[in-house]
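The next block is data.cif, given as mmCIF, N, CA and C atoms.
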data_work
loop_
_atom_site.label_atom_id
_atom_site.label_comp_id
_atom_site.auth_asym_id
_atom_site.auth_seq_id
_atom_site.Cartn_x
_atom_site.Cartn_y
_atom_site.Cartn_z
N MET A 21 31.76 -32.02 -19.10
CA MET A 21 31.69 -32.72 -17.82
C MET A 21 30.25 -33.18 -17.57
N GLN A 22 30.09 -34.42 -17.21
CA GLN A 22 28.77 -35.00 -16.98
C GLN A 22 28.22 -34.53 -15.63
N ASN A 23 26.92 -34.23 -15.59
CA ASN A 23 26.28 -33.84 -14.33
C ASN A 23 26.24 -35.03 -13.40
N ALA A 24 26.21 -34.75 -12.10
CA ALA A 24 26.11 -35.80 -11.10
C ALA A 24 24.75 -36.48 -11.21
N ILE A 25 24.72 -37.75 -10.93
CA ILE A 25 23.47 -38.51 -10.92
C ILE A 25 22.71 -38.15 -9.65
N ARG A 26 21.39 -38.00 -9.79
CA ARG A 26 20.52 -37.68 -8.67
C ARG A 26 19.47 -38.79 -8.52
N VAL A 27 19.33 -39.30 -7.29
CA VAL A 27 18.41 -40.40 -7.02
C VAL A 27 17.52 -40.04 -5.84
N ALA A 28 16.23 -40.36 -5.94
CA ALA A 28 15.30 -40.23 -4.82
C ALA A 28 14.98 -41.64 -4.31
N ILE A 29 15.06 -41.82 -3.00
CA ILE A 29 14.72 -43.10 -2.37
C ILE A 29 13.48 -42.87 -1.52
N ILE A 30 12.43 -43.61 -1.83
CA ILE A 30 11.19 -43.53 -1.04
C ILE A 30 10.98 -44.92 -0.46
N HIS A 31 11.18 -45.03 0.85
CA HIS A 31 11.11 -46.33 1.52
C HIS A 31 10.68 -46.13 2.96
N ARG A 32 9.83 -47.01 3.46
CA ARG A 32 9.29 -46.88 4.81
C ARG A 32 10.31 -47.11 5.91
N ASN A 33 11.35 -47.90 5.64
CA ASN A 33 12.32 -48.28 6.67
C ASN A 33 13.49 -47.29 6.70
N ARG A 34 13.61 -46.58 7.83
CA ARG A 34 14.65 -45.55 7.97
C ARG A 34 16.05 -46.12 7.79
N LEU A 35 16.33 -47.27 8.39
CA LEU A 35 17.66 -47.86 8.27
C LEU A 35 17.99 -48.24 6.83
N PHE A 36 17.00 -48.75 6.12
CA PHE A 36 17.20 -49.09 4.71
C PHE A 36 17.50 -47.82 3.92
N ARG A 37 16.66 -46.79 4.10
CA ARG A 37 16.86 -45.52 3.38
C ARG A 37 18.24 -44.95 3.63
N GLU A 38 18.61 -44.87 4.92
CA GLU A 38 19.89 -44.26 5.27
C GLU A 38 21.06 -45.10 4.77
N GLY A 39 20.93 -46.42 4.87
CA GLY A 39 22.01 -47.30 4.39
C GLY A 39 22.21 -47.19 2.89
N LEU A 40 21.11 -47.24 2.15
CA LEU A 40 21.22 -47.14 0.70
C LEU A 40 21.70 -45.74 0.29
N ALA A 41 21.19 -44.71 0.97
CA ALA A 41 21.64 -43.34 0.67
C ALA A 41 23.14 -43.21 0.92
N PHE A 42 23.64 -43.82 1.99
CA PHE A 42 25.07 -43.76 2.29
C PHE A 42 25.88 -44.42 1.18
N VAL A 43 25.47 -45.60 0.77
CA VAL A 43 26.20 -46.31 -0.29
C VAL A 43 26.20 -45.50 -1.57
N LEU A 44 25.04 -44.99 -1.95
CA LEU A 44 24.94 -44.24 -3.20
C LEU A 44 25.73 -42.93 -3.15
N SER A 45 25.61 -42.21 -2.03
CA SER A 45 26.26 -40.90 -1.96
C SER A 45 27.74 -40.99 -1.63
N GLN A 46 28.09 -41.75 -0.62
CA GLN A 46 29.48 -41.78 -0.16
C GLN A 46 30.38 -42.68 -1.01
N GLN A 47 29.84 -43.78 -1.48
CA GLN A 47 30.66 -44.71 -2.24
C GLN A 47 30.53 -44.54 -3.75
N ARG A 48 29.44 -43.91 -4.20
CA ARG A 48 29.21 -43.77 -5.65
C ARG A 48 29.13 -42.32 -6.10
N GLY A 49 29.12 -41.36 -5.17
CA GLY A 49 29.09 -39.96 -5.53
C GLY A 49 27.76 -39.49 -6.11
N ILE A 50 26.68 -40.16 -5.76
CA ILE A 50 25.35 -39.84 -6.27
C ILE A 50 24.65 -38.92 -5.28
N THR A 51 23.97 -37.90 -5.77
CA THR A 51 23.17 -37.02 -4.93
C THR A 51 21.87 -37.74 -4.61
N VAL A 52 21.51 -37.79 -3.31
CA VAL A 52 20.35 -38.57 -2.88
C VAL A 52 19.42 -37.71 -2.01
N VAL A 53 18.13 -37.87 -2.23
CA VAL A 53 17.11 -37.35 -1.33
C VAL A 53 16.30 -38.56 -0.88
N THR A 54 15.89 -38.58 0.40
CA THR A 54 15.11 -39.71 0.91
C THR A 54 13.78 -39.22 1.47
N CYS A 55 12.77 -40.11 1.37
CA CYS A 55 11.44 -39.84 1.91
C CYS A 55 10.92 -41.12 2.52
N SER A 56 10.13 -40.98 3.60
CA SER A 56 9.64 -42.16 4.31
C SER A 56 8.34 -42.71 3.75
N ASP A 57 7.67 -41.93 2.93
CA ASP A 57 6.44 -42.43 2.31
C ASP A 57 6.17 -41.63 1.04
N GLY A 58 5.10 -41.99 0.36
CA GLY A 58 4.81 -41.37 -0.93
C GLY A 58 3.87 -40.19 -0.85
N SER A 59 3.87 -39.48 0.27
CA SER A 59 2.97 -38.35 0.46
C SER A 59 3.31 -37.17 -0.44
N GLY A 60 2.52 -36.12 -0.31
CA GLY A 60 2.76 -34.89 -1.06
C GLY A 60 4.14 -34.31 -0.78
N ASP A 61 4.65 -34.52 0.45
CA ASP A 61 6.00 -34.04 0.77
C ASP A 61 7.03 -34.72 -0.12
N ALA A 62 6.84 -36.00 -0.38
CA ALA A 62 7.77 -36.73 -1.24
C ALA A 62 7.72 -36.17 -2.66
N LEU A 63 6.53 -35.90 -3.14
CA LEU A 63 6.40 -35.33 -4.49
C LEU A 63 7.07 -33.96 -4.56
N ALA A 64 6.93 -33.17 -3.51
CA ALA A 64 7.58 -31.85 -3.48
C ALA A 64 9.10 -31.98 -3.48
N GLU A 65 9.63 -32.90 -2.67
CA GLU A 65 11.08 -33.11 -2.62
C GLU A 65 11.61 -33.58 -3.97
N ILE A 66 10.88 -34.48 -4.59
CA ILE A 66 11.30 -34.99 -5.90
C ILE A 66 11.22 -33.88 -6.94
N GLY A 67 10.20 -33.07 -6.86
CA GLY A 67 10.10 -31.94 -7.77
C GLY A 67 11.25 -30.97 -7.60
N ARG A 68 11.72 -30.80 -6.36
CA ARG A 68 12.84 -29.91 -6.07
C ARG A 68 14.16 -30.49 -6.58
N LEU A 69 14.40 -31.77 -6.32
CA LEU A 69 15.66 -32.41 -6.71
C LEU A 69 15.72 -32.72 -8.19
N CYS A 70 14.57 -33.02 -8.80
CA CYS A 70 14.52 -33.48 -10.20
C CYS A 70 15.48 -34.65 -10.40
N PRO A 71 15.25 -35.77 -9.70
CA PRO A 71 16.18 -36.89 -9.79
C PRO A 71 16.16 -37.55 -11.17
N ASP A 72 17.22 -38.27 -11.44
CA ASP A 72 17.32 -39.03 -12.68
C ASP A 72 16.52 -40.32 -12.58
N VAL A 73 16.34 -40.80 -11.35
CA VAL A 73 15.60 -42.04 -11.12
C VAL A 73 15.04 -42.02 -9.70
N ILE A 74 13.90 -42.70 -9.51
CA ILE A 74 13.27 -42.85 -8.19
C ILE A 74 13.33 -44.32 -7.82
N ILE A 75 13.77 -44.60 -6.60
CA ILE A 75 13.75 -45.96 -6.06
C ILE A 75 12.58 -45.99 -5.08
N LEU A 76 11.57 -46.82 -5.37
CA LEU A 76 10.29 -46.77 -4.68
C LEU A 76 9.93 -48.09 -4.03
N ASP A 77 9.67 -48.02 -2.73
CA ASP A 77 9.12 -49.15 -1.99
C ASP A 77 7.62 -49.19 -2.25
N LEU A 78 7.04 -50.36 -2.35
CA LEU A 78 5.60 -50.44 -2.59
C LEU A 78 4.78 -50.40 -1.31
N MET A 79 5.25 -51.06 -0.27
CA MET A 79 4.48 -51.19 0.96
C MET A 79 4.91 -50.10 1.93
N MET A 80 4.13 -48.99 1.93
CA MET A 80 4.46 -47.85 2.78
C MET A 80 3.22 -47.39 3.52
N PRO A 81 3.45 -46.70 4.66
CA PRO A 81 2.30 -46.16 5.39
C PRO A 81 1.72 -44.95 4.66
N ALA A 82 0.53 -44.61 4.97
CA ALA A 82 -0.17 -43.43 4.44
C ALA A 82 -0.43 -43.57 2.94
N VAL A 83 0.58 -43.43 2.12
CA VAL A 83 0.43 -43.50 0.67
C VAL A 83 1.29 -44.66 0.16
N SER A 84 0.66 -45.63 -0.48
CA SER A 84 1.41 -46.80 -0.97
C SER A 84 2.29 -46.42 -2.16
N GLY A 85 3.18 -47.30 -2.50
CA GLY A 85 4.03 -47.09 -3.67
C GLY A 85 3.21 -46.98 -4.95
N TRP A 86 2.16 -47.79 -5.05
CA TRP A 86 1.32 -47.73 -6.25
C TRP A 86 0.59 -46.39 -6.32
N GLU A 87 0.10 -45.90 -5.17
CA GLU A 87 -0.58 -44.60 -5.15
C GLU A 87 0.40 -43.48 -5.51
N PHE A 88 1.62 -43.56 -4.97
CA PHE A 88 2.63 -42.57 -5.32
C PHE A 88 2.93 -42.63 -6.82
N HIS A 89 3.10 -43.84 -7.34
CA HIS A 89 3.41 -44.02 -8.76
C HIS A 89 2.33 -43.37 -9.63
N ALA A 90 1.07 -43.62 -9.29
CA ALA A 90 -0.04 -43.06 -10.07
C ALA A 90 -0.04 -41.53 -10.00
N ALA A 91 0.20 -40.98 -8.81
CA ALA A 91 0.23 -39.52 -8.65
C ALA A 91 1.41 -38.92 -9.40
N ALA A 92 2.56 -39.56 -9.31
CA ALA A 92 3.76 -39.04 -9.97
C ALA A 92 3.60 -39.01 -11.48
N ARG A 93 2.91 -40.00 -12.04
CA ARG A 93 2.74 -40.08 -13.48
C ARG A 93 1.81 -39.00 -14.04
N LYS A 94 1.11 -38.30 -13.15
CA LYS A 94 0.20 -37.23 -13.58
C LYS A 94 0.82 -35.84 -13.47
N LEU A 95 2.03 -35.74 -12.90
CA LEU A 95 2.63 -34.43 -12.66
C LEU A 95 3.70 -34.08 -13.68
N PRO A 96 3.54 -32.93 -14.34
CA PRO A 96 4.59 -32.50 -15.26
C PRO A 96 5.92 -32.37 -14.51
N GLY A 97 6.99 -32.74 -15.16
CA GLY A 97 8.30 -32.65 -14.54
C GLY A 97 8.68 -33.90 -13.76
N ILE A 98 7.69 -34.60 -13.25
CA ILE A 98 7.96 -35.84 -12.50
C ILE A 98 7.53 -37.05 -13.32
N SER A 99 6.56 -36.87 -14.20
CA SER A 99 5.94 -37.99 -14.91
C SER A 99 6.93 -38.80 -15.74
N ARG A 100 8.00 -38.20 -16.19
CA ARG A 100 8.95 -38.93 -17.05
C ARG A 100 10.15 -39.50 -16.31
N ILE A 101 10.22 -39.29 -15.00
CA ILE A 101 11.34 -39.82 -14.22
C ILE A 101 11.16 -41.33 -14.09
N PRO A 102 12.17 -42.12 -14.46
CA PRO A 102 12.06 -43.57 -14.31
C PRO A 102 11.90 -43.96 -12.83
N ILE A 103 11.09 -44.97 -12.59
CA ILE A 103 10.85 -45.46 -11.23
C ILE A 103 11.28 -46.92 -11.16
N LEU A 104 12.18 -47.20 -10.20
CA LEU A 104 12.58 -48.57 -9.90
C LEU A 104 11.79 -49.01 -8.69
N VAL A 105 11.01 -50.05 -8.84
CA VAL A 105 10.14 -50.54 -7.78
C VAL A 105 10.85 -51.63 -7.00
N LEU A 106 10.87 -51.47 -5.66
CA LEU A 106 11.42 -52.49 -4.77
C LEU A 106 10.26 -53.18 -4.07
N SER A 107 10.25 -54.50 -4.11
CA SER A 107 9.18 -55.23 -3.45
C SER A 107 9.56 -56.69 -3.27
N ALA A 108 9.05 -57.27 -2.21
CA ALA A 108 9.21 -58.70 -2.00
C ALA A 108 8.09 -59.46 -2.71
N PHE A 109 7.06 -58.73 -3.13
CA PHE A 109 5.87 -59.37 -3.71
C PHE A 109 5.42 -58.65 -4.97
N ILE A 110 6.03 -58.95 -6.09
CA ILE A 110 5.57 -58.39 -7.36
C ILE A 110 5.98 -59.35 -8.48
N ASP A 111 5.11 -59.47 -9.45
CA ASP A 111 5.47 -60.28 -10.60
C ASP A 111 5.31 -59.43 -11.86
N ASP A 112 5.73 -59.97 -12.98
CA ASP A 112 5.70 -59.22 -14.25
C ASP A 112 4.30 -58.74 -14.61
N ARG A 113 3.30 -59.57 -14.34
CA ARG A 113 1.92 -59.22 -14.67
C ARG A 113 1.46 -58.01 -13.85
N GLN A 114 1.76 -58.02 -12.54
CA GLN A 114 1.39 -56.89 -11.69
C GLN A 114 2.11 -55.62 -12.14
N ALA A 115 3.38 -55.75 -12.43
CA ALA A 115 4.17 -54.59 -12.86
C ALA A 115 3.55 -53.97 -14.11
N THR A 116 3.26 -54.80 -15.09
CA THR A 116 2.68 -54.31 -16.34
C THR A 116 1.32 -53.68 -16.10
N TRP A 117 0.52 -54.28 -15.23
CA TRP A 117 -0.80 -53.74 -14.90
C TRP A 117 -0.69 -52.31 -14.38
N PHE A 118 0.34 -52.05 -13.55
CA PHE A 118 0.50 -50.72 -12.96
C PHE A 118 1.37 -49.79 -13.80
N GLY A 119 1.76 -50.23 -14.99
CA GLY A 119 2.53 -49.37 -15.88
C GLY A 119 4.01 -49.31 -15.57
N VAL A 120 4.53 -50.34 -14.93
CA VAL A 120 5.95 -50.42 -14.61
C VAL A 120 6.56 -51.51 -15.47
N ARG A 121 7.67 -51.22 -16.10
CA ARG A 121 8.34 -52.25 -16.89
C ARG A 121 8.87 -53.32 -15.95
N PRO A 122 8.65 -54.59 -16.25
CA PRO A 122 9.12 -55.66 -15.37
C PRO A 122 10.62 -55.56 -15.05
N GLU A 123 11.42 -55.09 -16.00
CA GLU A 123 12.86 -54.98 -15.73
C GLU A 123 13.18 -53.86 -14.74
N ASP A 124 12.18 -53.03 -14.40
CA ASP A 124 12.37 -51.97 -13.41
C ASP A 124 11.84 -52.38 -12.04
N CYS A 125 11.53 -53.66 -11.87
CA CYS A 125 11.10 -54.20 -10.59
C CYS A 125 12.25 -55.02 -10.01
N ILE A 126 12.60 -54.70 -8.80
CA ILE A 126 13.70 -55.40 -8.13
C ILE A 126 13.12 -56.10 -6.91
N LEU A 127 13.24 -57.41 -6.92
CA LEU A 127 12.69 -58.21 -5.83
C LEU A 127 13.61 -58.16 -4.62
N LYS A 128 12.99 -58.00 -3.44
CA LYS A 128 13.72 -58.07 -2.18
C LYS A 128 13.75 -59.52 -1.72
N PRO A 129 14.78 -59.97 -1.10
CA PRO A 129 16.06 -59.28 -0.93
C PRO A 129 16.79 -59.22 -2.27
N PHE A 130 17.60 -58.22 -2.45
CA PHE A 130 18.30 -58.05 -3.72
C PHE A 130 19.79 -57.85 -3.48
N VAL A 131 20.54 -58.03 -4.54
CA VAL A 131 21.97 -57.79 -4.51
C VAL A 131 22.17 -56.33 -4.89
N LEU A 132 22.99 -55.61 -4.13
CA LEU A 132 23.20 -54.18 -4.37
C LEU A 132 23.60 -53.90 -5.81
N GLU A 133 24.44 -54.71 -6.38
CA GLU A 133 24.89 -54.48 -7.76
C GLU A 133 23.72 -54.52 -8.75
N THR A 134 22.71 -55.33 -8.47
CA THR A 134 21.52 -55.37 -9.33
C THR A 134 20.81 -54.02 -9.32
N LEU A 135 20.67 -53.43 -8.15
CA LEU A 135 20.05 -52.12 -8.04
C LEU A 135 20.91 -51.06 -8.73
N LEU A 136 22.22 -51.11 -8.51
CA LEU A 136 23.12 -50.13 -9.12
C LEU A 136 23.12 -50.24 -10.64
N GLU A 137 23.02 -51.45 -11.15
CA GLU A 137 22.93 -51.63 -12.61
C GLU A 137 21.64 -51.02 -13.15
N ALA A 138 20.55 -51.19 -12.41
CA ALA A 138 19.28 -50.60 -12.84
C ALA A 138 19.35 -49.08 -12.82
N VAL A 139 19.97 -48.50 -11.80
CA VAL A 139 20.15 -47.04 -11.75
C VAL A 139 21.00 -46.60 -12.93
N SER A 140 22.09 -47.30 -13.19
CA SER A 140 22.98 -46.94 -14.31
C SER A 140 22.27 -47.06 -15.65
N ARG A 141 21.38 -48.03 -15.79
CA ARG A 141 20.64 -48.22 -17.03
C ARG A 141 19.83 -46.96 -17.37
N HIS A 142 19.33 -46.29 -16.34
CA HIS A 142 18.53 -45.09 -16.56
C HIS A 142 19.35 -43.80 -16.55
N CYS A 143 20.53 -43.84 -15.95
CA CYS A 143 21.31 -42.61 -15.78
C CYS A 143 22.56 -42.58 -16.63
N GLY A 144 22.82 -43.62 -17.38
CA GLY A 144 24.03 -43.67 -18.18
C GLY A 144 25.19 -44.26 -17.40
N PRO A 145 26.30 -44.44 -18.08
CA PRO A 145 27.46 -45.04 -17.43
C PRO A 145 28.03 -44.11 -16.36
N PRO A 146 28.69 -44.66 -15.34
CA PRO A 146 29.29 -43.83 -14.32
C PRO A 146 30.37 -42.94 -14.88
N THR A 147 30.55 -41.80 -14.24
CA THR A 147 31.62 -40.89 -14.66
C THR A 147 32.96 -41.49 -14.27
N GLN A 148 34.05 -40.91 -14.77
CA GLN A 148 35.38 -41.39 -14.42
C GLN A 148 35.59 -41.30 -12.91
N ALA A 149 35.14 -40.22 -12.27
CA ALA A 149 35.28 -40.07 -10.82
C ALA A 149 34.54 -41.16 -10.08
N GLU A 150 33.33 -41.52 -10.56
CA GLU A 150 32.56 -42.57 -9.93
C GLU A 150 33.25 -43.93 -10.08
N ARG A 151 33.84 -44.17 -11.25
CA ARG A 151 34.54 -45.45 -11.45
C ARG A 151 35.73 -45.58 -10.52
N LYS A 152 36.42 -44.48 -10.23
CA LYS A 152 37.58 -44.52 -9.32
C LYS A 152 37.19 -44.87 -7.90
N LYS A 153 35.92 -44.56 -7.50
CA LYS A 153 35.46 -44.83 -6.15
C LYS A 153 35.13 -46.29 -5.92
N THR A 154 34.99 -47.06 -7.01
CA THR A 154 34.60 -48.47 -6.84
C THR A 154 35.80 -49.36 -6.73
#
This structure in structure tokens:
Amino acid sequence: MQNAIRVAIIHRNRLFREGLAFVLSQQRGITVVTCSDGSGDALAEIGRLCPDVIILDLMMPAVSGWEFHAAARKLPGISRIPILVLSAFIDDRQATWFGVRPEDCILKPFVLETLLEAVSRHCGPPTQAERKKT
């Protein structure tokens, strides 16, 4: 039996976080943890959940997405977790500069299926139970 997919959402907008968490958890059966910024609390939550993938907003208060990304890449246990970057302002050159694969950058506004495909790319195909929910 395949383990459930675990996703961390780090985004400044509460409605966005809660909406995406609802879709992922209730409609896709994914375990979700959410954080409002990239502070040490977010790193602790991610360390606790050990998600399969992190969905990261770049423009956040206190600690930016880039600062979070740099800190996460230095921590054992978190450094290898794939990060999907959400932004209205990023190009392939910027992504590469910060060590993010361009295919892991999702431009806002985005189509939900594009994000779900990116999550699946890192977490493997959905389980039979997940496929029944769609």
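Here CA of Met80 in chain A is placed at a distance of 28.4 Å from CA of Ala24 in chain A.
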Legend entry - Selected residue of minimal separation from Leu104 in chain A among A:Arg48, A:Val43, A:Ile30, A:Ile25, counting only C-alpha atoms: A:Ile30
Legend entry - Distance in Å - atom N of Ser59 in chain A versus atom N of Gly85 in chain A: 8.3 Å
Legend entry - Residue IDs satisfying the PyMOL selection byres (((chain A and resi 107 and name CA) around 7) and name CA), as a PyMOL selection string: chain A and resi 77-78+105-106+108-110+126-128
Inset, instruction - Considering all atoms listed in the file, state which residue in the set A:Ala28, A:Leu135, A:Val52, A:Val83 is at the smallest distance from Pro71 in chain A. - result: A:Ala28
What would the selection look like, as a JSON list (two decimals) with N, CA and C atoms, in the frame of the given file, if the PyMOL selection byres (((chain A and resi 69 and name CA) around 12) and name CA) were run on the coordinates I just shared?
[["chain", "number", "residue", "atom", "x", "y", "z"],
["A", 24, "ALA", "N", 26.21, -34.75, -12.10],
["A", 24, "ALA", "CA", 26.11, -35.80, -11.10],
["A", 24, "ALA", "C", 24.75, -36.48, -11.21],
["A", 25, "ILE", "N", 24.72, -37.75, -10.93],
["A", 25, "ILE", "CA", 23.47, -38.51, -10.92],
["A", 25, "ILE", "C", 22.71, -38.15, -9.65],
["A", 26, "ARG", "N", 21.39, -38.00, -9.79],
["A", 26, "ARG", "CA", 20.52, -37.68, -8.67],
["A", 26, "ARG", "C", 19.47, -38.79, -8.52],
["A", 27, "VAL", "N", 19.33, -39.30, -7.29],
["A", 27, "VAL", "CA", 18.41, -40.40, -7.02],
["A", 27, "VAL", "C", 17.52, -40.04, -5.84],
["A", 28, "ALA", "N", 16.23, -40.36, -5.94],
["A", 28, "ALA", "CA", 15.30, -40.23, -4.82],
["A", 28, "ALA", "C", 14.98, -41.64, -4.31],
["A", 29, "ILE", "N", 15.06, -41.82, -3.00],
["A", 29, "ILE", "CA", 14.72, -43.10, -2.37],
["A", 29, "ILE", "C", 13.48, -42.87, -1.52],
["A", 51, "THR", "N", 23.97, -37.90, -5.77],
["A", 51, "THR", "CA", 23.17, -37.02, -4.93],
["A", 51, "THR", "C", 21.87, -37.74, -4.61],
["A", 52, "VAL", "N", 21.51, -37.79, -3.31],
["A", 52, "VAL", "CA", 20.35, -38.57, -2.88],
["A", 52, "VAL", "C", 19.42, -37.71, -2.01],
["A", 53, "VAL", "N", 18.13, -37.87, -2.23],
["A", 53, "VAL", "CA", 17.11, -37.35, -1.33],
["A", 53, "VAL", "C", 16.30, -38.56, -0.88],
["A", 54, "THR", "N", 15.89, -38.58, 0.40],
["A", 54, "THR", "CA", 15.11, -39.71, 0.91],
["A", 54, "THR", "C", 13.78, -39.22, 1.47],
["A", 62, "ALA", "N", 6.84, -36.00, -0.38],
["A", 62, "ALA", "CA", 7.77, -36.73, -1.24],
["A", 62, "ALA", "C", 7.72, -36.17, -2.66],
["A", 63, "LEU", "N", 6.53, -35.90, -3.14],
["A", 63, "LEU", "CA", 6.40, -35.33, -4.49],
["A", 63, "LEU", "C", 7.07, -33.96, -4.56],
["A", 64, "ALA", "N", 6.93, -33.17, -3.51],
["A", 64, "ALA", "CA", 7.58, -31.85, -3.48],
["A", 64, "ALA", "C", 9.10, -31.98, -3.48],
["A", 65, "GLU", "N", 9.63, -32.90, -2.67],
["A", 65, "GLU", "CA", 11.08, -33.11, -2.62],
["A", 65, "GLU", "C", 11.61, -33.58, -3.97],
["A", 66, "ILE", "N", 10.88, -34.48, -4.59],
["A", 66, "ILE", "CA", 11.30, -34.99, -5.90],
["A", 66, "ILE", "C", 11.22, -33.88, -6.94],
["A", 67, "GLY", "N", 10.20, -33.07, -6.86],
["A", 67, "GLY", "CA", 10.10, -31.94, -7.77],
["A", 67, "GLY", "C", 11.25, -30.97, -7.60],
["A", 68, "ARG", "N", 11.72, -30.80, -6.36],
["A", 68, "ARG", "CA", 12.84, -29.91, -6.07],
["A", 68, "ARG", "C", 14.16, -30.49, -6.58],
["A", 70, "CYS", "N", 14.57, -33.02, -8.80],
["A", 70, "CYS", "CA", 14.52, -33.48, -10.20],
["A", 70, "CYS", "C", 15.48, -34.65, -10.40],
["A", 71, "PRO", "N", 15.25, -35.77, -9.70],
["A", 71, "PRO", "CA", 16.18, -36.89, -9.79],
["A", 71, "PRO", "C", 16.16, -37.55, -11.17],
["A", 72, "ASP", "N", 17.22, -38.27, -11.44],
["A", 72, "ASP", "CA", 17.32, -39.03, -12.68],
["A", 72, "ASP", "C", 16.52, -40.32, -12.58],
["A", 73, "VAL", "N", 16.34, -40.80, -11.35],
["A", 73, "VAL", "CA", 15.60, -42.04, -11.12],
["A", 73, "VAL", "C", 15.04, -42.02, -9.70],
["A", 74, "ILE", "N", 13.90, -42.70, -9.51],
["A", 74, "ILE", "CA", 13.27, -42.85, -8.19],
["A", 74, "ILE", "C", 13.33, -44.32, -7.82],
["A", 97, "GLY", "N", 6.99, -32.74, -15.16],
["A", 97, "GLY", "CA", 8.30, -32.65, -14.54],
["A", 97, "GLY", "C", 8.68, -33.90, -13.76],
["A", 98, "ILE", "N", 7.69, -34.60, -13.25],
["A", 98, "ILE", "CA", 7.96, -35.84, -12.50],
["A", 98, "ILE", "C", 7.53, -37.05, -13.32],
["A", 101, "ILE", "N", 10.22, -39.29, -15.00],
["A", 101, "ILE", "CA", 11.34, -39.82, -14.22],
["A", 101, "ILE", "C", 11.16, -41.33, -14.09]]
Inset, instruction - Would you please give, as a PyMOL selection string, all residues of range 32-154 of chain A that DSSP assigns to alpha helix (DSSP H) based on the backbone? - result: chain A and resi 34-42+60-69+85-92+112-117+132-143+148-153
Legend entry - Residues within 8 Å of Arg34 in chain A, only N, CA and C atoms, excluding chain neighbours under 6 positions, as a count of residues only: 3
Inset, instruction - Apply DSSP to the structure's backbone, then extract all residues of chain A labelled strand (DSSP E or B) and return them as a PyMOL selection string. - result: chain A and resi 26-30+51-55+73-77+103-107+125-127
Inset, instruction - Just give me the gap between atom C of Glu87 in chain A and atom C of Asp57 in chain A in Å, one decimal is fine. - result: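 Those two atoms sit 8.9 Å apart.
For the set A:Pro129, A:Asp124, A:Phe42, A:Gly58, the residue with the smallest atom-to-atom gap to Ile103 in chain A is A:Asp124, counting all atoms listed in the file.
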Padded axis-aligned box of range 102-112 of chain A (5 Å per side), centre and edge lengths, Å, one decimal, as AutoDock Vina command-line options:
--center_x 8.4 --center_y -51.2 --center_z -8.3 --size_x 18.3 --size_y 28.2 --size_z 22.6
